[in-house]
>>> print(open('protein10.txt').read())   # compact mmCIF, C-alpha atoms
# COMPACT_ATOMS: atom_id res chain seq x y z
CA MET A 74 56.02 -40.82 -14.35
CA ARG A 75 58.41 -38.94 -16.59
CA SER A 76 60.61 -40.76 -19.05
CA ARG A 77 63.55 -39.61 -21.13
CA ARG A 78 64.95 -41.00 -24.33
CA PHE A 79 68.67 -41.37 -24.94
CA ALA A 80 70.96 -43.06 -27.45
CA TRP A 81 72.85 -46.11 -26.22
CA GLU A 82 76.56 -45.30 -26.26
CA GLY A 83 77.76 -48.00 -23.90
CA PRO A 84 77.48 -48.76 -20.20
CA ALA A 85 79.76 -45.98 -18.93
CA GLN A 86 77.96 -43.26 -20.87
CA THR A 87 74.56 -44.62 -19.90
CA ALA A 88 75.53 -44.74 -16.22
CA ALA A 89 76.80 -41.17 -16.41
CA ALA A 90 73.55 -40.04 -18.06
CA LEU A 91 71.43 -41.76 -15.43
CA ARG A 92 73.46 -40.25 -12.59
CA GLY A 93 73.00 -36.84 -14.17
CA TRP A 94 69.25 -37.30 -14.31
CA VAL A 95 68.92 -38.18 -10.64
CA GLY A 96 71.65 -35.83 -9.46
CA ALA A 97 73.57 -38.57 -7.65
CA PRO A 98 77.35 -38.50 -7.31
CA PRO A 99 79.31 -41.21 -9.11
CA PRO A 100 79.11 -44.49 -7.13
CA ALA A 101 82.85 -44.58 -6.41
CA ALA A 102 82.71 -41.13 -4.83
CA GLU A 103 79.74 -42.06 -2.64
CA VAL A 104 81.36 -45.35 -1.62
CA ALA A 105 84.57 -43.53 -0.70
CA THR A 106 82.56 -41.08 1.41
CA ILE A 107 80.77 -43.91 3.21
CA ALA A 108 84.01 -45.84 3.77
CA ARG A 109 85.63 -42.74 5.26
CA GLU A 110 82.61 -42.16 7.49
CA VAL A 111 82.78 -45.76 8.81
CA ARG A 112 86.56 -45.63 9.23
CA ASP A 113 86.32 -42.39 11.21
CA GLY A 114 83.08 -43.12 13.10
CA GLY A 115 83.23 -46.88 13.67
CA ASP A 116 80.10 -48.62 14.93
CA GLU A 117 78.28 -45.34 15.55
CA ALA A 118 78.68 -44.47 11.87
CA VAL A 119 77.41 -47.89 10.83
CA LEU A 120 74.36 -47.41 13.05
CA ARG A 121 73.68 -44.01 11.43
CA LEU A 122 74.15 -45.45 7.93
CA THR A 123 71.85 -48.36 8.73
CA ALA A 124 69.12 -45.90 9.68
CA ARG A 125 69.80 -43.93 6.52
CA PHE A 126 70.09 -46.72 3.93
CA ASP A 127 68.84 -50.04 5.27
CA THR A 128 65.81 -49.21 7.35
CA PRO A 129 64.99 -45.51 7.27
CA GLY A 130 63.51 -44.34 10.52
CA VAL A 131 64.71 -47.34 12.55
CA ALA A 132 67.30 -46.47 15.18
CA LEU A 133 69.28 -49.44 16.45
CA ASP A 134 71.06 -49.57 19.80
CA SER A 135 73.61 -52.19 18.76
CA LEU A 136 75.05 -53.95 15.74
CA ARG A 137 75.06 -57.29 17.53
CA VAL A 138 72.21 -59.75 17.85
CA ASP A 139 71.97 -61.69 21.08
CA PRO A 140 72.48 -65.43 20.35
CA ALA A 141 69.42 -66.10 22.51
CA ASP A 142 67.36 -64.19 19.91
CA ALA A 143 68.47 -66.69 17.25
CA GLU A 144 67.51 -69.64 19.46
CA ALA A 145 64.15 -67.99 20.16
CA ALA A 146 63.58 -67.40 16.43
CA LEU A 147 64.23 -71.07 15.70
CA ALA A 148 61.90 -72.14 18.51
CA VAL A 149 58.97 -70.26 16.94
CA THR A 150 59.74 -71.24 13.34
CA GLU A 151 56.90 -73.22 11.79
CA PRO A 152 57.73 -76.94 11.72
CA GLU A 153 57.57 -77.08 7.90
CA LEU A 154 60.02 -74.20 7.59
CA ARG A 155 62.29 -75.72 10.22
CA ALA A 156 62.29 -79.02 8.32
CA ALA A 157 63.11 -77.16 5.07
CA LEU A 158 66.02 -75.36 6.77
CA ASP A 159 67.33 -78.67 8.10
CA VAL A 160 67.09 -80.39 4.71
CA ALA A 161 68.75 -77.46 2.96
CA ALA A 162 71.51 -77.32 5.58
CA ALA A 163 72.17 -81.07 5.29
CA ASN A 164 72.32 -80.91 1.49
CA ILE A 165 74.64 -77.91 1.52
CA ARG A 166 76.89 -79.61 4.05
CA GLN A 167 77.09 -82.79 1.96
CA VAL A 168 78.05 -80.86 -1.17
CA ALA A 169 80.63 -78.82 0.77
CA GLU A 170 82.16 -81.96 2.26
CA GLU A 171 82.52 -83.47 -1.21
CA GLY A 172 84.55 -80.43 -2.24
CA ILE A 173 87.09 -80.83 0.55
CA GLY A 174 90.09 -82.98 -0.09
CA ALA A 175 93.41 -83.29 -1.77
CA GLU A 176 94.74 -81.06 -4.49
CA ARG A 177 93.02 -81.39 -7.85
CA GLU A 178 94.57 -80.77 -11.20
CA ILE A 179 92.35 -79.11 -13.75
CA GLY A 180 93.23 -79.28 -17.45
CA LEU A 181 92.26 -76.29 -19.56
CA PRO A 182 91.37 -76.45 -23.28
CA ALA A 183 94.62 -74.79 -24.44
CA GLY A 184 96.72 -77.33 -22.54
CA GLN A 185 97.41 -75.37 -19.34
CA LYS A 186 97.04 -77.12 -16.02
CA VAL A 187 95.81 -75.50 -12.83
CA THR A 188 96.18 -77.07 -9.42
CA SER A 189 93.37 -76.29 -7.00
CA ARG A 190 93.47 -76.79 -3.28
CA GLU A 191 91.00 -75.55 -0.70
CA VAL A 192 92.33 -74.16 2.54
CA PRO A 193 90.36 -72.44 5.29
CA VAL A 194 90.85 -68.81 6.09
CA ALA A 195 90.88 -67.48 9.63
CA ALA A 196 87.55 -65.68 9.34
CA ALA A 197 84.72 -65.16 6.85
CA GLY A 198 82.17 -62.39 6.53
CA ILE A 199 78.70 -63.04 5.13
CA TYR A 200 76.06 -60.59 4.02
CA ALA A 201 72.47 -61.81 3.97
CA PRO A 202 70.18 -59.34 2.21
CA GLY A 203 67.25 -58.27 4.30
CA GLY A 204 65.07 -55.39 5.25
CA ARG A 205 61.79 -56.24 3.52
CA ALA A 206 62.46 -59.96 3.13
CA GLY A 207 64.81 -62.44 4.75
CA TYR A 208 67.18 -64.72 2.91
CA PRO A 209 68.09 -67.65 5.14
CA SER A 210 69.43 -69.41 2.03
CA SER A 211 72.24 -66.84 1.79
CA VAL A 212 73.22 -67.66 5.35
CA LEU A 213 73.21 -71.42 4.78
CA MET A 214 74.95 -71.30 1.38
CA CYS A 215 77.80 -69.15 2.69
CA ALA A 216 78.28 -70.24 6.28
CA ILE A 217 78.04 -74.02 5.99
CA PRO A 218 80.80 -74.36 3.35
CA ALA A 219 82.95 -72.02 5.43
CA ARG A 220 82.43 -74.14 8.55
CA VAL A 221 83.04 -77.39 6.63
CA ALA A 222 86.29 -75.90 5.28
CA GLY A 223 87.41 -75.23 8.86
CA VAL A 224 86.74 -71.50 9.15
CA GLU A 225 86.30 -70.90 12.87
CA ARG A 226 85.08 -67.28 12.90
CA VAL A 227 82.09 -66.52 10.71
CA ALA A 228 80.43 -63.12 10.99
CA LEU A 229 77.01 -62.39 9.53
CA ALA A 230 75.66 -58.99 8.57
CA SER A 231 72.01 -58.50 7.67
CA PRO A 232 69.98 -55.31 7.73
CA PRO A 233 67.04 -55.04 10.09
CA GLY A 234 63.46 -54.99 8.96
CA PRO A 235 61.00 -52.18 9.63
CA ASP A 236 60.63 -53.42 13.20
CA GLY A 237 64.37 -52.95 13.84
CA HIS A 238 65.10 -56.69 14.06
CA VAL A 239 66.87 -59.11 11.74
CA ASP A 240 64.46 -61.43 9.93
CA PRO A 241 63.59 -64.39 12.23
CA LEU A 242 64.30 -66.98 9.50
CA VAL A 243 67.76 -65.51 8.96
CA LEU A 244 68.38 -65.83 12.70
CA ALA A 245 66.95 -69.38 12.73
CA ALA A 246 69.32 -70.32 9.90
CA THR A 247 72.29 -69.32 12.05
CA VAL A 248 71.32 -71.96 14.59
CA CYS A 249 70.95 -74.58 11.85
CA ILE A 250 74.52 -73.80 10.76
CA ASP A 251 75.86 -74.44 14.21
CA GLU A 252 73.85 -77.66 14.47
CA MET A 253 75.07 -78.86 11.06
CA SER A 254 78.69 -77.92 11.85
CA SER A 255 78.89 -80.29 14.78
CA PRO A 256 80.52 -83.56 13.71
>>> encode(input="protein10.txt", output="structure tokens")
Amino acid sequence: MRSRRFAWEGPAQTAAALRGWVGAPPPAAEVATIAREVRDGGDEAVLRLTARFDTPGVALDSLRVDPADAEAALAVTEPELRAALDVAAANIRQVAEEGIGAEREIGLPAGQKVTSREVPVAAAGIYAPGGRAGYPSSVLMCAIPARVAGVERVALASPPGPDGHVDPLVLAATVCIDEMSSP
């Protein structure tokens, strides 16, 4: 492994130095290129980018997961893990329900007052990290409060693992959300 020494001049200079060492374009330029590619190419571009960034070598046929796959993932989840998902989902739901209510006035140290009120949005998007490991907690912590707040459309994005499938625990968590969202 090669290492290089440099003088700390601040985050911007350090980032520029590191980019120069690896020959990568500035992040904003790369993000703009990716955004343009997705805008112009739609789902096909996302599928290509998934194979390039998320799971190299894995070619997906679709961006959607069949809901039956989530039910099947929950059915084969070990009982201890299923119980843990249920407990976590119930706790998250209880905390989210406590946060719903009338307007609240918050006093700030300098004397200002802020009024806070929670209102649902029409739709929410959630990203659950994945690939090498699944994060069902990300799904529960984002989706349950959204559902409790009254958000009707919740979309989840999670990269596939090396086998080309979303982590089974992430899929199982999606079923727990729906179960916990029922009054």
>>> atom_distance(input="protein10.txt", atom1="CA of Glu170 in chain A", atom2="CA of Asp142 in chain A")
29.1 Å
>>> residues_around(input="protein10.txt", residues="range 115-117 of chain A", least_positions_apart="3", cutoff="12 Å", atoms="all atoms listed in the file", output="short mmCIF file (atom, residue, chain, number, x, y, z; two decimals) with C-alpha atoms, in the frame of the given file")
data_model
loop_
_atom_site.label_atom_id
_atom_site.label_comp_id
_atom_site.auth_asym_id
_atom_site.auth_seq_id
_atom_site.Cartn_x
_atom_site.Cartn_y
_atom_site.Cartn_z
CA ILE A 107 80.77 -43.91 3.21
CA ALA A 108 84.01 -45.84 3.77
CA ARG A 109 85.63 -42.74 5.26
CA GLU A 110 82.61 -42.16 7.49
CA VAL A 111 82.78 -45.76 8.81
CA ARG A 112 86.56 -45.63 9.23
CA LEU A 120 74.36 -47.41 13.05
CA ARG A 121 73.68 -44.01 11.43
CA LEU A 122 74.15 -45.45 7.93
CA THR A 123 71.85 -48.36 8.73
CA ALA A 124 69.12 -45.90 9.68
CA ALA A 132 67.30 -46.47 15.18
CA LEU A 133 69.28 -49.44 16.45
CA ASP A 134 71.06 -49.57 19.80
CA SER A 135 73.61 -52.19 18.76
CA LEU A 136 75.05 -53.95 15.74
CA ARG A 137 75.06 -57.29 17.53
#
>>> closest_atom_pairs(input="protein10.txt", of="range 122-173 of chain A", to="range 234-239 of chain A", cutoff="9 Å", atoms="all atoms listed in the file", output="JSON lines")
{"residue": "A:Asp127", "atom": "CA", "partner": "A:Gly234", "partner_atom": "CA", "distance": 8.2}
{"residue": "A:Thr128", "atom": "CA", "partner": "A:Pro235", "partner_atom": "CA", "distance": 6.1}
{"residue": "A:Pro129", "atom": "CA", "partner": "A:Pro235", "partner_atom": "CA", "distance": 8.1}
{"residue": "A:Gly130", "atom": "CA", "partner": "A:Pro235", "partner_atom": "CA", "distance": 8.3}
{"residue": "A:Val131", "atom": "CA", "partner": "A:Gly237", "partner_atom": "CA", "distance": 5.8}
{"residue": "A:Ala132", "atom": "CA", "partner": "A:Gly237", "partner_atom": "CA", "distance": 7.2}
{"residue": "A:Leu133", "atom": "CA", "partner": "A:Gly237", "partner_atom": "CA", "distance": 6.6}
{"residue": "A:Val138", "atom": "CA", "partner": "A:Val239", "partner_atom": "CA", "distance": 8.1}
>>> closest_residue(input="protein10.txt", among="A:Pro209, A:Pro84, A:Gly180, A:Gly204", to="Arg155 in chain A", atoms="only C-alpha atoms")
A:Pro209
>>> atom_distance(input="protein10.txt", atom1="CA of Met214 in chain A", atom2="CA of Pro152 in chain A")
20.9 Å
>>> residues_around(input="protein10.txt", residues="Ser189 in chain A", least_positions_apart="2", cutoff="10 Å", atoms="all atoms listed in the file", output="NGL selection string")
:A and (175-179 or 186-187 or 191-192)
>>> axis_aligned_box(input="protein10.txt", around="range 221-226 of chain A", padding_each_side="3 Å", output="JSON")
{"center_x": 85.2, "center_y": -72.3, "center_z": 9.1, "size_x": 10.4, "size_y": 16.1, "size_z": 13.6}
